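Q: What follows is start-v4.cif; its format and atoms are mmCIF, C-alpha atoms.
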```cif
data_target
loop_
_atom_site.label_atom_id
_atom_site.label_comp_id
_atom_site.auth_asym_id
_atom_site.auth_seq_id
_atom_site.Cartn_x
_atom_site.Cartn_y
_atom_site.Cartn_z
CA MET C 1 -63.50 55.29 -160.84
CA ILE C 2 -60.39 53.35 -159.90
CA ARG C 3 -59.88 52.07 -163.42
CA LEU C 4 -60.27 55.58 -164.83
CA ALA C 5 -57.74 57.18 -162.51
CA PRO C 6 -54.54 56.16 -164.39
CA VAL C 7 -55.92 57.47 -167.68
CA ALA C 8 -56.74 60.81 -166.11
CA ALA C 9 -53.89 61.15 -163.63
CA ALA C 10 -50.97 60.24 -165.88
CA VAL C 11 -51.69 63.30 -168.03
CA TRP C 12 -50.70 65.83 -165.33
CA LEU C 13 -46.96 65.69 -164.77
CA ALA C 14 -45.99 69.22 -163.60
CA SER C 15 -43.50 71.75 -162.43
CA SER C 16 -40.65 71.42 -159.88
CA PRO C 17 -36.91 72.26 -159.80
CA LEU C 18 -34.94 70.10 -162.21
CA ALA C 19 -31.39 68.82 -162.24
CA ILE C 20 -29.11 70.69 -164.62
CA ALA C 21 -28.40 68.49 -167.66
CA GLN C 22 -28.79 68.89 -171.39
CA VAL C 23 -31.93 67.25 -172.78
CA ALA C 24 -31.87 68.15 -176.46
CA PRO C 25 -34.81 67.24 -178.75
CA ASP C 26 -32.83 64.63 -180.69
CA ALA C 27 -31.50 63.04 -177.46
CA LEU C 28 -35.01 62.88 -175.99
CA TRP C 29 -36.46 61.37 -179.17
CA SER C 30 -33.65 58.80 -179.30
CA ALA C 31 -34.28 57.82 -175.66
CA TRP C 32 -38.00 57.45 -176.38
CA GLN C 33 -37.38 55.27 -179.41
CA GLN C 34 -35.03 53.02 -177.44
CA GLY C 35 -37.39 52.84 -174.45
CA ALA C 36 -34.45 53.72 -172.23
CA GLY C 37 -36.65 55.12 -169.45
CA PHE C 38 -40.27 54.74 -168.41
CA VAL C 39 -41.40 56.43 -171.66
CA SER C 40 -41.17 54.89 -175.13
CA ALA C 41 -42.45 56.20 -178.46
CA THR C 42 -42.82 55.58 -182.16
CA GLY C 43 -43.40 58.02 -185.01
CA THR C 44 -41.65 59.80 -187.85
CA ALA C 45 -39.35 62.66 -186.81
CA GLU C 46 -38.00 65.40 -189.09
CA PRO C 47 -35.75 68.35 -188.14
CA ASP C 48 -37.26 71.83 -188.14
CA GLY C 49 -34.38 74.15 -187.28
CA ASP C 50 -33.31 73.27 -183.73
CA ALA C 51 -36.61 71.48 -183.16
CA LEU C 52 -37.98 68.10 -184.19
CA VAL C 53 -41.45 67.57 -185.66
CA VAL C 54 -42.87 64.10 -184.99
CA GLU C 55 -45.75 62.92 -187.17
CA GLY C 56 -48.13 60.22 -185.89
CA PRO C 57 -46.51 59.90 -182.46
CA ARG C 58 -47.48 57.08 -180.11
CA ILE C 59 -46.05 57.66 -176.65
CA ASN C 60 -46.24 54.86 -174.08
CA ILE C 61 -46.03 55.64 -170.36
CA GLY C 62 -46.26 52.22 -168.77
CA ALA C 63 -49.65 50.78 -169.76
CA LEU C 64 -50.86 54.22 -170.88
CA ARG C 65 -50.65 55.33 -174.53
CA LEU C 66 -50.83 58.88 -175.86
CA GLU C 67 -51.55 59.45 -179.56
CA ALA C 68 -51.63 62.73 -181.48
CA GLY C 69 -51.56 63.89 -185.07
CA SER C 70 -48.14 65.43 -184.48
CA LEU C 71 -45.98 67.08 -181.84
CA ARG C 72 -42.91 69.30 -181.68
CA LEU C 73 -39.82 68.84 -179.52
CA VAL C 74 -38.39 72.33 -178.97
CA PRO C 75 -35.14 73.14 -177.12
CA ASP C 76 -35.55 75.36 -174.05
CA GLY C 77 -32.21 76.00 -172.37
CA ASP C 78 -31.12 72.73 -170.77
CA ALA C 79 -34.56 71.20 -171.31
CA THR C 80 -36.88 70.27 -174.15
CA VAL C 81 -40.46 71.48 -174.42
CA ILE C 82 -42.86 68.82 -175.69
CA ASP C 83 -45.34 70.88 -177.69
CA LEU C 84 -48.50 68.80 -177.86
CA PRO C 85 -51.53 69.80 -179.93
CA ASP C 86 -54.55 71.18 -178.08
CA THR C 87 -56.29 67.80 -178.47
CA PHE C 88 -54.91 64.27 -178.25
CA THR C 89 -56.03 60.78 -177.23
CA MET C 90 -54.97 58.61 -174.30
CA THR C 91 -55.86 54.94 -173.87
CA GLN C 92 -55.33 52.26 -171.26
CA GLY C 93 -56.75 48.83 -171.94
CA ASP C 94 -60.31 49.29 -173.18
CA ILE C 95 -60.68 52.79 -171.72
CA SER C 96 -59.94 55.81 -173.91
CA ALA C 97 -59.86 59.56 -173.27
CA ASP C 98 -60.13 62.34 -175.85
CA VAL C 99 -58.19 65.09 -174.11
CA SER C 100 -58.46 68.83 -174.72
CA ALA C 101 -55.74 70.89 -173.03
CA ALA C 102 -55.02 74.31 -174.48
CA ASP C 103 -52.10 76.23 -172.94
CA LEU C 104 -50.59 73.00 -171.60
CA THR C 105 -46.84 73.21 -170.89
CA LEU C 106 -44.81 69.99 -170.81
CA ARG C 107 -41.02 69.91 -170.32
CA ALA C 108 -38.34 67.24 -170.04
CA ALA C 109 -35.08 67.87 -168.16
CA GLY C 110 -32.45 66.06 -166.14
CA ASP C 111 -30.98 62.76 -167.31
CA PRO C 112 -31.32 62.68 -171.12
CA THR C 113 -31.94 58.91 -171.15
CA ASN C 114 -34.54 58.99 -168.38
CA PRO C 115 -35.59 62.59 -167.76
CA THR C 116 -37.96 64.19 -165.33
CA TYR C 117 -41.15 65.54 -166.90
CA THR C 118 -43.09 68.52 -165.65
CA LEU C 119 -46.48 69.77 -166.73
CA ILE C 120 -48.62 72.80 -165.99
CA ALA C 121 -52.14 73.17 -167.37
CA PRO C 122 -54.83 75.72 -166.47
CA GLN C 123 -57.49 73.16 -167.39
CA MET C 124 -57.67 69.72 -168.94
CA ASP C 125 -60.90 68.22 -170.29
CA ALA C 126 -61.21 64.52 -171.11
CA ALA C 127 -64.11 62.63 -172.67
CA LEU C 128 -63.79 59.09 -171.29
CA SER C 129 -65.32 55.98 -172.83
CA GLY C 130 -65.05 52.23 -172.35
CA GLN C 131 -66.53 49.40 -170.31
CA SER C 132 -70.07 50.53 -171.33
CA LEU C 133 -69.41 53.90 -169.70
CA THR C 134 -69.06 57.43 -170.99
CA ALA C 135 -67.97 60.28 -168.75
CA ASP C 136 -66.51 63.78 -168.84
CA LEU C 137 -63.51 64.63 -166.68
CA ILE C 138 -62.29 68.15 -165.91
CA ALA C 139 -59.08 68.97 -164.03
CA THR C 140 -58.26 72.59 -163.19
CA ALA C 141 -54.94 74.16 -162.18
CA VAL C 142 -52.86 71.04 -162.76
CA ASP C 143 -49.26 71.22 -161.51
CA ALA C 144 -47.26 67.99 -161.36
CA THR C 145 -43.90 66.31 -161.79
CA ILE C 146 -43.06 62.78 -162.88
CA ALA C 147 -39.56 61.48 -162.33
CA PRO C 148 -38.17 57.96 -162.88
CA ASP C 149 -38.90 56.95 -159.27
CA ALA C 150 -41.47 59.46 -158.04
CA THR C 151 -44.54 61.39 -159.15
CA GLN C 152 -46.20 64.37 -157.52
CA ALA C 153 -49.33 66.21 -158.67
CA ASN C 154 -51.43 69.06 -157.29
CA ILE C 155 -54.88 69.75 -158.76
CA ASP C 156 -57.22 72.48 -157.56
CA ARG C 157 -60.34 70.62 -158.64
CA LEU C 158 -61.01 67.26 -160.27
CA ALA C 159 -64.57 66.56 -161.44
CA ILE C 160 -66.18 63.68 -163.34
CA THR C 161 -69.73 63.42 -164.68
CA SER C 162 -71.44 60.47 -166.35
CA GLU C 163 -74.97 61.02 -167.60
CA THR C 164 -75.25 57.37 -168.68
CA ALA C 165 -74.48 56.16 -165.14
CA GLY C 166 -76.39 58.96 -163.40
CA PHE C 167 -73.25 59.85 -161.46
CA SER C 168 -71.09 62.89 -160.75
CA ALA C 169 -68.21 63.45 -158.35
CA SER C 170 -65.65 66.10 -157.56
CA ARG C 171 -62.58 66.54 -155.40
CA ASP C 172 -61.02 69.82 -154.33
CA GLY C 173 -57.45 70.38 -153.20
CA VAL C 174 -56.11 67.13 -154.65
CA ASP C 175 -52.53 66.13 -153.78
CA LEU C 176 -51.10 62.94 -155.32
CA LEU C 177 -47.74 61.43 -154.42
CA ILE C 178 -46.31 58.23 -155.88
CA ASP C 179 -43.05 57.10 -154.30
CA GLY C 180 -41.79 54.52 -156.78
CA PRO C 181 -41.67 53.84 -160.53
CA LEU C 182 -44.85 54.02 -162.59
CA ASP C 183 -44.49 50.44 -163.85
CA ALA C 184 -45.01 49.31 -160.24
CA LEU C 185 -48.62 50.54 -160.51
CA THR C 186 -49.28 48.25 -163.48
CA ALA C 187 -47.87 45.27 -161.58
CA LEU C 188 -49.89 46.19 -158.47
CA ALA C 189 -53.17 46.34 -160.43
CA ALA C 190 -52.42 43.02 -162.15
CA GLY C 191 -51.59 41.20 -158.91
CA GLU C 192 -47.97 40.70 -159.93
CA ALA C 193 -44.72 41.19 -158.06
CA GLY C 194 -43.11 44.52 -158.93
CA SER C 195 -40.98 47.28 -157.49
CA ASP C 196 -41.85 48.70 -154.09
CA VAL C 197 -44.26 51.63 -154.37
CA ALA C 198 -46.23 53.88 -152.01
CA ILE C 199 -49.13 56.09 -153.12
CA THR C 200 -51.04 58.73 -151.19
CA LEU C 201 -53.99 60.76 -152.47
CA ASN C 202 -55.32 63.59 -150.32
CA ALA C 203 -58.28 65.91 -150.91
CA SER C 204 -59.68 68.80 -148.89
CA GLU C 205 -63.29 68.11 -149.89
CA THR C 206 -65.19 65.52 -151.92
CA ALA C 207 -68.73 65.58 -153.30
CA GLN C 208 -70.67 62.84 -155.07
CA THR C 209 -74.18 62.56 -156.50
CA SER C 210 -75.82 59.32 -157.69
CA THR C 211 -79.24 58.69 -159.19
CA LEU C 212 -81.02 55.69 -157.68
CA PRO C 213 -82.18 52.86 -160.01
CA ASP C 214 -85.26 53.75 -162.07
CA GLY C 215 -84.81 57.37 -161.04
CA ARG C 216 -86.41 56.77 -157.65
CA GLY C 217 -84.30 59.37 -155.92
CA THR C 218 -80.90 60.94 -155.50
CA LEU C 219 -78.11 60.17 -153.04
CA ARG C 220 -75.65 62.96 -152.31
CA THR C 221 -72.45 62.66 -150.30
CA VAL C 222 -70.17 65.48 -149.18
CA THR C 223 -67.04 64.89 -147.10
CA GLY C 224 -64.30 66.90 -145.49
CA PRO C 225 -60.61 66.00 -145.69
CA SER C 226 -59.77 62.53 -146.98
CA GLU C 227 -56.64 60.45 -147.39
CA GLU C 228 -56.24 57.32 -149.49
CA ALA C 229 -53.10 55.22 -149.55
CA ALA C 230 -51.79 52.16 -151.34
CA SER C 231 -48.41 50.50 -151.07
CA ALA C 232 -46.58 47.36 -152.08
CA SER C 233 -43.44 46.29 -150.25
CA ASP C 234 -41.76 42.98 -149.44
CA GLY C 235 -44.54 41.04 -151.16
CA THR C 236 -47.36 42.71 -149.19
CA VAL C 237 -49.94 45.15 -150.51
CA SER C 238 -51.78 47.63 -148.27
CA LEU C 239 -54.81 49.77 -149.10
CA SER C 240 -56.47 52.29 -146.81
CA GLN C 241 -58.84 55.24 -146.74
CA SER C 242 -59.68 57.77 -144.06
CA VAL C 243 -62.54 60.28 -144.45
CA SER C 244 -63.95 62.81 -141.99
CA ALA C 245 -67.06 65.02 -141.78
CA ILE C 246 -69.27 62.87 -144.02
CA ASP C 247 -72.77 64.13 -144.83
CA LEU C 248 -75.22 61.90 -146.72
CA SER C 249 -78.56 63.06 -148.10
CA LEU C 250 -81.22 60.81 -149.64
CA ASP C 251 -83.91 62.61 -151.63
CA THR C 252 -86.74 60.24 -152.53
CA ALA C 253 -90.50 60.42 -152.95
CA ALA C 254 -90.76 57.37 -150.68
CA LEU C 255 -90.23 59.65 -147.66
CA PRO C 256 -92.60 62.50 -146.71
CA ILE C 257 -89.70 64.87 -145.97
CA GLU C 258 -87.45 66.85 -148.27
CA ALA C 259 -84.46 64.58 -147.67
CA ALA C 260 -83.23 61.98 -145.21
CA THR C 261 -79.83 63.12 -144.00
CA PHE C 262 -77.15 61.31 -142.03
CA ALA C 263 -73.70 62.28 -140.78
CA ILE C 264 -70.58 60.27 -139.97
CA ASP C 265 -67.76 61.86 -137.99
CA THR C 266 -65.04 59.58 -139.37
CA ALA C 267 -64.84 56.50 -141.59
CA THR C 268 -61.70 54.42 -142.04
CA TRP C 269 -60.89 51.11 -143.67
CA SER C 270 -57.74 49.20 -144.49
CA VAL C 271 -56.79 45.97 -146.23
CA THR C 272 -53.44 44.19 -146.26
CA GLY C 273 -52.56 41.00 -148.08
CA PRO C 274 -50.22 39.35 -150.57
CA ALA C 275 -49.19 41.68 -153.37
CA ALA C 276 -48.93 38.94 -156.01
CA THR C 277 -50.25 35.47 -156.75
CA ARG C 278 -48.78 33.04 -154.24
CA SER C 279 -49.40 29.36 -153.52
CA GLU C 280 -48.08 29.57 -149.95
CA PRO C 281 -50.42 30.99 -147.27
CA SER C 282 -49.89 34.68 -146.51
CA PRO C 283 -51.45 36.89 -143.83
CA MET C 284 -54.38 39.11 -144.75
CA ALA C 285 -56.27 41.65 -142.65
CA VAL C 286 -59.36 43.83 -143.08
CA ASP C 287 -60.32 46.65 -140.73
CA LEU C 288 -63.38 48.95 -140.85
CA ALA C 289 -64.47 51.68 -138.44
CA LEU C 290 -67.43 54.08 -138.63
CA ASN C 291 -67.64 56.61 -135.80
CA GLY C 292 -70.30 59.11 -134.84
CA ILE C 293 -73.18 58.03 -137.09
CA THR C 294 -76.19 60.30 -136.58
CA ALA C 295 -79.51 61.07 -138.30
CA SER C 296 -81.09 64.47 -138.83
CA GLU C 297 -83.78 65.78 -136.49
CA ASP C 298 -86.49 65.81 -139.20
CA LEU C 299 -85.86 62.12 -139.82
CA TRP C 300 -86.14 61.37 -136.10
CA GLN C 301 -89.36 63.38 -135.94
CA LEU C 302 -90.79 61.21 -138.70
CA PHE C 303 -90.26 57.93 -136.80
CA ASP C 304 -89.79 58.87 -133.14
CA PRO C 305 -91.14 62.31 -132.25
CA ALA C 306 -91.41 61.40 -128.54
CA GLU C 307 -87.70 60.47 -128.33
CA THR C 308 -88.51 56.95 -127.18
CA LEU C 309 -85.36 55.52 -128.76
CA SER C 310 -81.75 56.26 -127.92
CA ARG C 311 -80.26 58.89 -130.21
CA ASP C 312 -76.67 58.34 -129.17
CA PRO C 313 -74.33 58.24 -132.20
CA ALA C 314 -73.96 54.77 -133.68
CA GLU C 315 -70.53 53.13 -133.94
CA LEU C 316 -69.23 50.19 -135.98
CA ARG C 317 -65.89 48.41 -135.77
CA LEU C 318 -64.99 45.28 -137.74
CA ALA C 319 -61.61 43.57 -137.91
CA PHE C 320 -60.80 40.32 -139.71
CA SER C 321 -57.57 38.40 -140.17
CA ALA C 322 -56.83 35.41 -142.36
CA ASP C 323 -54.18 33.24 -143.94
CA VAL C 324 -54.82 33.06 -147.68
CA THR C 325 -53.31 31.95 -150.93
CA ARG C 326 -53.71 34.42 -153.80
CA ASP C 327 -54.78 32.46 -156.86
CA SER C 328 -55.14 35.43 -159.25
CA ALA C 329 -55.46 39.21 -159.20
CA SER C 330 -58.98 38.92 -157.74
CA SER C 331 -59.20 35.37 -156.35
CA TYR C 332 -58.15 34.19 -152.89
CA THR C 333 -58.43 30.88 -151.02
CA ALA C 334 -58.62 31.04 -147.22
CA GLN C 335 -56.73 28.59 -145.01
CA ARG C 336 -57.77 30.33 -141.77
CA ALA C 337 -60.11 33.22 -140.98
CA ALA C 338 -60.75 35.05 -137.72
CA LEU C 339 -63.23 37.65 -136.59
CA GLU C 340 -60.88 39.66 -134.42
CA THR C 341 -63.32 42.40 -133.48
CA LEU C 342 -67.02 43.06 -133.99
CA ARG C 343 -68.59 45.96 -132.13
CA LEU C 344 -71.83 47.61 -133.21
CA SER C 345 -73.57 50.20 -131.05
CA VAL C 346 -76.92 51.50 -132.30
CA LEU C 347 -80.27 52.56 -130.76
CA GLY C 348 -79.07 51.71 -127.26
CA THR C 349 -77.89 48.20 -128.13
CA GLU C 350 -74.39 46.79 -128.45
CA LEU C 351 -73.30 43.69 -130.35
CA THR C 352 -69.80 42.26 -129.91
CA GLY C 353 -68.22 39.14 -131.32
CA GLN C 354 -65.02 37.17 -131.85
CA GLY C 355 -64.06 33.80 -133.28
CA ALA C 356 -62.00 31.87 -135.79
CA ALA C 357 -62.22 28.98 -138.24
CA ILE C 358 -59.74 26.78 -140.06
CA PHE C 359 -60.52 25.72 -143.63
CA SER C 360 -59.18 22.18 -143.70
CA ARG C 361 -60.32 21.28 -147.23
CA PRO C 362 -60.09 24.18 -149.70
CA ASP C 363 -61.40 21.86 -152.44
CA ALA C 364 -64.58 21.02 -150.46
CA PRO C 365 -67.73 23.19 -150.25
CA TYR C 366 -66.97 26.36 -148.26
CA GLY C 367 -63.48 24.96 -147.63
CA ARG C 368 -64.81 22.60 -144.90
CA PRO C 369 -64.46 25.14 -142.05
CA VAL C 370 -64.05 24.10 -138.43
CA GLY C 371 -64.28 26.75 -135.73
CA THR C 372 -66.11 28.61 -132.98
CA PHE C 373 -67.57 32.12 -132.76
CA ALA C 374 -69.03 33.88 -129.70
CA PHE C 375 -71.39 36.86 -129.73
CA THR C 376 -72.83 39.07 -127.00
CA LEU C 377 -75.85 41.35 -127.44
CA THR C 378 -77.01 43.85 -124.82
CA GLY C 379 -80.07 46.10 -124.80
CA ALA C 380 -81.97 44.18 -127.49
CA VAL C 381 -84.99 43.25 -125.36
CA GLU C 382 -85.31 46.81 -124.10
CA LEU C 383 -85.12 48.10 -127.69
CA LEU C 384 -87.95 45.78 -128.76
CA ASP C 385 -90.02 46.98 -125.80
CA ARG C 386 -89.42 50.60 -126.82
CA LEU C 387 -90.30 49.87 -130.45
CA GLN C 388 -93.52 48.20 -129.36
CA ALA C 389 -94.41 51.20 -127.19
CA LEU C 390 -93.57 53.53 -130.06
CA GLY C 391 -96.08 51.81 -132.33
CA THR C 392 -94.25 52.74 -135.54
CA LEU C 393 -93.57 49.13 -136.56
CA PRO C 394 -96.28 46.45 -137.04
CA GLY C 395 -96.58 43.83 -134.32
CA GLY C 396 -95.70 40.93 -136.64
CA PRO C 397 -92.06 41.86 -137.28
CA LEU C 398 -91.56 42.66 -133.59
CA MET C 399 -92.95 39.25 -132.62
CA GLY C 400 -90.65 37.60 -135.16
CA ALA C 401 -87.66 39.48 -133.74
CA ARG C 402 -88.48 38.31 -130.21
CA MET C 403 -88.80 34.71 -131.43
CA GLY C 404 -85.47 35.00 -133.22
CA LEU C 405 -83.77 36.23 -130.07
CA GLY C 406 -85.27 33.33 -128.15
CA PHE C 407 -84.01 30.79 -130.68
CA PHE C 408 -80.52 32.16 -131.38
CA THR C 409 -79.54 33.57 -127.97
CA ARG C 410 -79.60 32.71 -124.29
CA PRO C 411 -79.30 34.92 -121.19
CA GLY C 412 -75.80 36.06 -120.30
CA SER C 413 -74.21 36.79 -116.96
CA GLU C 414 -75.21 40.48 -116.93
CA ASP C 415 -78.67 42.04 -116.82
CA GLY C 416 -80.04 42.57 -120.35
CA GLU C 417 -77.23 40.51 -121.88
CA LEU C 418 -77.80 37.79 -124.49
CA THR C 419 -75.13 35.44 -125.82
CA SER C 420 -74.69 33.08 -128.74
CA SER C 421 -72.08 30.41 -129.35
CA VAL C 422 -71.73 29.31 -132.97
CA LYS C 423 -69.76 26.14 -133.65
CA ILE C 424 -68.83 24.49 -136.94
CA GLY C 425 -67.75 20.89 -136.46
CA PRO C 426 -65.51 18.70 -138.62
CA ASP C 427 -68.65 16.87 -139.79
CA GLY C 428 -70.03 20.12 -141.25
CA ILE C 429 -72.72 20.55 -138.60
CA VAL C 430 -73.36 24.18 -137.60
CA THR C 431 -74.84 24.73 -134.14
CA VAL C 432 -76.02 27.83 -132.31
CA ASN C 433 -76.06 27.36 -128.55
CA GLU C 434 -75.80 23.60 -129.18
CA GLN C 435 -78.84 23.54 -131.50
CA GLN C 436 -78.16 22.34 -135.04
CA ILE C 437 -79.25 24.87 -137.66
CA TYR C 438 -77.35 23.79 -140.78
CA GLN C 439 -75.34 20.98 -142.35
CA ILE C 440 -72.51 22.09 -144.64
CA PRO C 441 -72.38 19.75 -147.68
CA LEU C 442 -69.46 17.36 -147.50
CA ARG C 443 -69.24 17.18 -151.29
CA ALA C 444 -69.90 19.61 -154.08
CA ALA C 445 -73.20 19.21 -155.90
CA PRO C 446 -73.03 17.46 -159.31
CA GLY C 447 -71.90 19.81 -162.04
CA GLN C 448 -70.19 22.22 -159.63
#
```
In structure tokens, how does this file's structure come out?

A:
Amino acid sequence: MIRLAPVAAAVWLASSPLAIAQVAPDALWSAWQQGAGFVSATGTAEPDGDALVVEGPRINIGALRLEAGSLRLVPDGDATVIDLPDTFTMTQGDISADVSAADLTLRAAGDPTNPTYTLIAPQMDAALSGQSLTADLIATAVDATIAPDATQANIDRLAITSETAGFSASRDGVDLLIDGPLDALTALAAGEAGSDVAITLNASETAQTSTLPDGRGTLRTVTGPSEEAASASDGTVSLSQSVSAIDLSLDTAALPIEAATFAIDTATWSVTGPAATRSEPSPMAVDLALNGITASEDLWQLFDPAETLSRDPAELRLAFSADVTRDSASSYTAQRAALETLRLSVLGTELTGQGAAIFSRPDAPYGRPVGTFAFTLTGAVELLDRLQALGTLPGGPLMGARMGLGFFTRPGSEDGELTSSVKIGPDGIVTVNEQQIYQIPLRAAPGQ
């Protein structure tokens, strides 16, 4: 979905107040040919009264290309209307979109050499293909503006369906804001240094349906308000997402109920790190939080009708930090990594943890880490006792779980508390509570 977004989103560039300046058709076409702004174009232009008719136009908006059989540039007061045909093609990399957009209105106004573009469209349909994927995208009530250093778009509903992938998704009340030039997005995606940019994408509601492998069931997700953000500034990139009122439903013949449903009050995650490839270590951080995870009553009745287990909402919090070098757009090498926070509360148990490791030899297997991690688990023995009394699980797995607790933990200072100390020594020996469990290879295996 991320790769498809620029192809879809760069089409809707719509209406807002414009600066008063003359953008005549010939001036706009000349600016396009020269690539004076963020739009460049090729084609054959011929006058048609006050208008220009361009045959075989190829319009480039950053990494995005629009192609049509022809278009007309028509004067409209101080602006120029770009009269596109009802159908045209847009491509980015190996992804293409055959777009159908009747009644689309596109205008250019402002600075003739680098104007502001506005677009209004009642509906835009796009047939997407590429990367072994075909999908249909529909955007309704599109209203957006794209200026040299900012883009804003409002879309009532954005929906995508892929029969080949067994996937469909929709977003209602979509608001997109890009504070920065469009070419900064291309640099950000490629892991290159570019202009500072900040992007926010809000939606009032999101829905998604996926077919499980081999058609074994269907997973549906519906959420309330969501906000996604991405920014690049001073050599640092930040990504984040916040979603509330999440409902998940799993419909599968493997369960003797109509559907297994779960709810999550809020889910947030964020990542920060170097915005471009860099040989010097840079800070990186990852944060994840899931709050208020609950299961439906019919699912509880299936496994625990007597309410033997705790039904308090589950919580998860994870936070990592690191010093990394960015070797490419998708490759990183860690110099240091730390588990800042681990807290998992579920079924009456709580697991917490912290620790850090230094990777002294990035060229060695696993970077030759050296460090210590500490974990605390409470309520685990009581949970196993309750599961045994419940009788839902076979005795074998429960016995194995008790043996695992005995091997990997030891009693803590509080009642019902178990602790583990994990150490990785400079010789590659990994110990848990001073018992060796693994030896990290000191050299890579032949051929690696």

Q: State, in Å with one decimal place, the distance from atom CA of C:Gly62 to atom CA of C:Leu106.

A: 17.9 Å

Q: What's around stretch 79-94 of chain C at 8 Å? Count all atoms listed in the file, leave out sequence neighbours fewer than 3 positions away in its own chain, and write the answer as a PyMOL selection string.

A: chain C and resi 6-7+21-25+28+63-76+97-110+130-131

Q: Please write the residues from the selection above to a file, keeping C-alpha atoms, as a compact mmCIF listing (two decimals), in the coordinates of the input.

A:
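Listed below is the output, part_27.txt:
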```txt
# COMPACT_ATOMS: atom_id res chain seq x y z
CA PRO C 6 -54.54 56.16 -164.39
CA VAL C 7 -55.92 57.47 -167.68
CA ALA C 21 -28.40 68.49 -167.66
CA GLN C 22 -28.79 68.89 -171.39
CA VAL C 23 -31.93 67.25 -172.78
CA ALA C 24 -31.87 68.15 -176.46
CA PRO C 25 -34.81 67.24 -178.75
CA LEU C 28 -35.01 62.88 -175.99
CA ALA C 63 -49.65 50.78 -169.76
CA LEU C 64 -50.86 54.22 -170.88
CA ARG C 65 -50.65 55.33 -174.53
CA LEU C 66 -50.83 58.88 -175.86
CA GLU C 67 -51.55 59.45 -179.56
CA ALA C 68 -51.63 62.73 -181.48
CA GLY C 69 -51.56 63.89 -185.07
CA SER C 70 -48.14 65.43 -184.48
CA LEU C 71 -45.98 67.08 -181.84
CA ARG C 72 -42.91 69.30 -181.68
CA LEU C 73 -39.82 68.84 -179.52
CA VAL C 74 -38.39 72.33 -178.97
CA PRO C 75 -35.14 73.14 -177.12
CA ASP C 76 -35.55 75.36 -174.05
CA ALA C 97 -59.86 59.56 -173.27
CA ASP C 98 -60.13 62.34 -175.85
CA VAL C 99 -58.19 65.09 -174.11
CA SER C 100 -58.46 68.83 -174.72
CA ALA C 101 -55.74 70.89 -173.03
CA ALA C 102 -55.02 74.31 -174.48
CA ASP C 103 -52.10 76.23 -172.94
CA LEU C 104 -50.59 73.00 -171.60
CA THR C 105 -46.84 73.21 -170.89
CA LEU C 106 -44.81 69.99 -170.81
CA ARG C 107 -41.02 69.91 -170.32
CA ALA C 108 -38.34 67.24 -170.04
CA ALA C 109 -35.08 67.87 -168.16
CA GLY C 110 -32.45 66.06 -166.14
CA GLY C 130 -65.05 52.23 -172.35
CA GLN C 131 -66.53 49.40 -170.31
```

Q: Since I can't run it myself right now, could you work out what the PyMOL selection byres ((chain C and resi 144-160) around 6) selects here and report it as an MDAnalysis selection string?

A: chainID C and resid 12:15 116:119 136:143 161 168:181

Q: Between C:Thr419, C:Gln123, C:Thr223, C:Thr333, which is the closest to C:Glu350 once you count all atoms listed in the file?

A: C:Thr419

Q: Determine, counting all atoms listed in the file, which protein, DNA and RNA residues have an atom within 9 Å of an atom of C:Ala229; residues of the same chain fewer than 6 positions away are not included. Present the result as a PyMOL selection string.

A: chain C and resi 198-202+238-242

Q: Can you translate the PyMOL selection byres ((chain C and resi 370) around 8) into the concrete residues it hits in this file, as a list in words?

A: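 Matching residues under the PyMOL selection byres ((chain C and resi 370) around 8) are Ala357, Ile358, Phe359, Ser360, Arg368, Pro369, Gly371, Thr372, Lys423, Ile424, Gly425, Pro426 and Gly428 of chain C.
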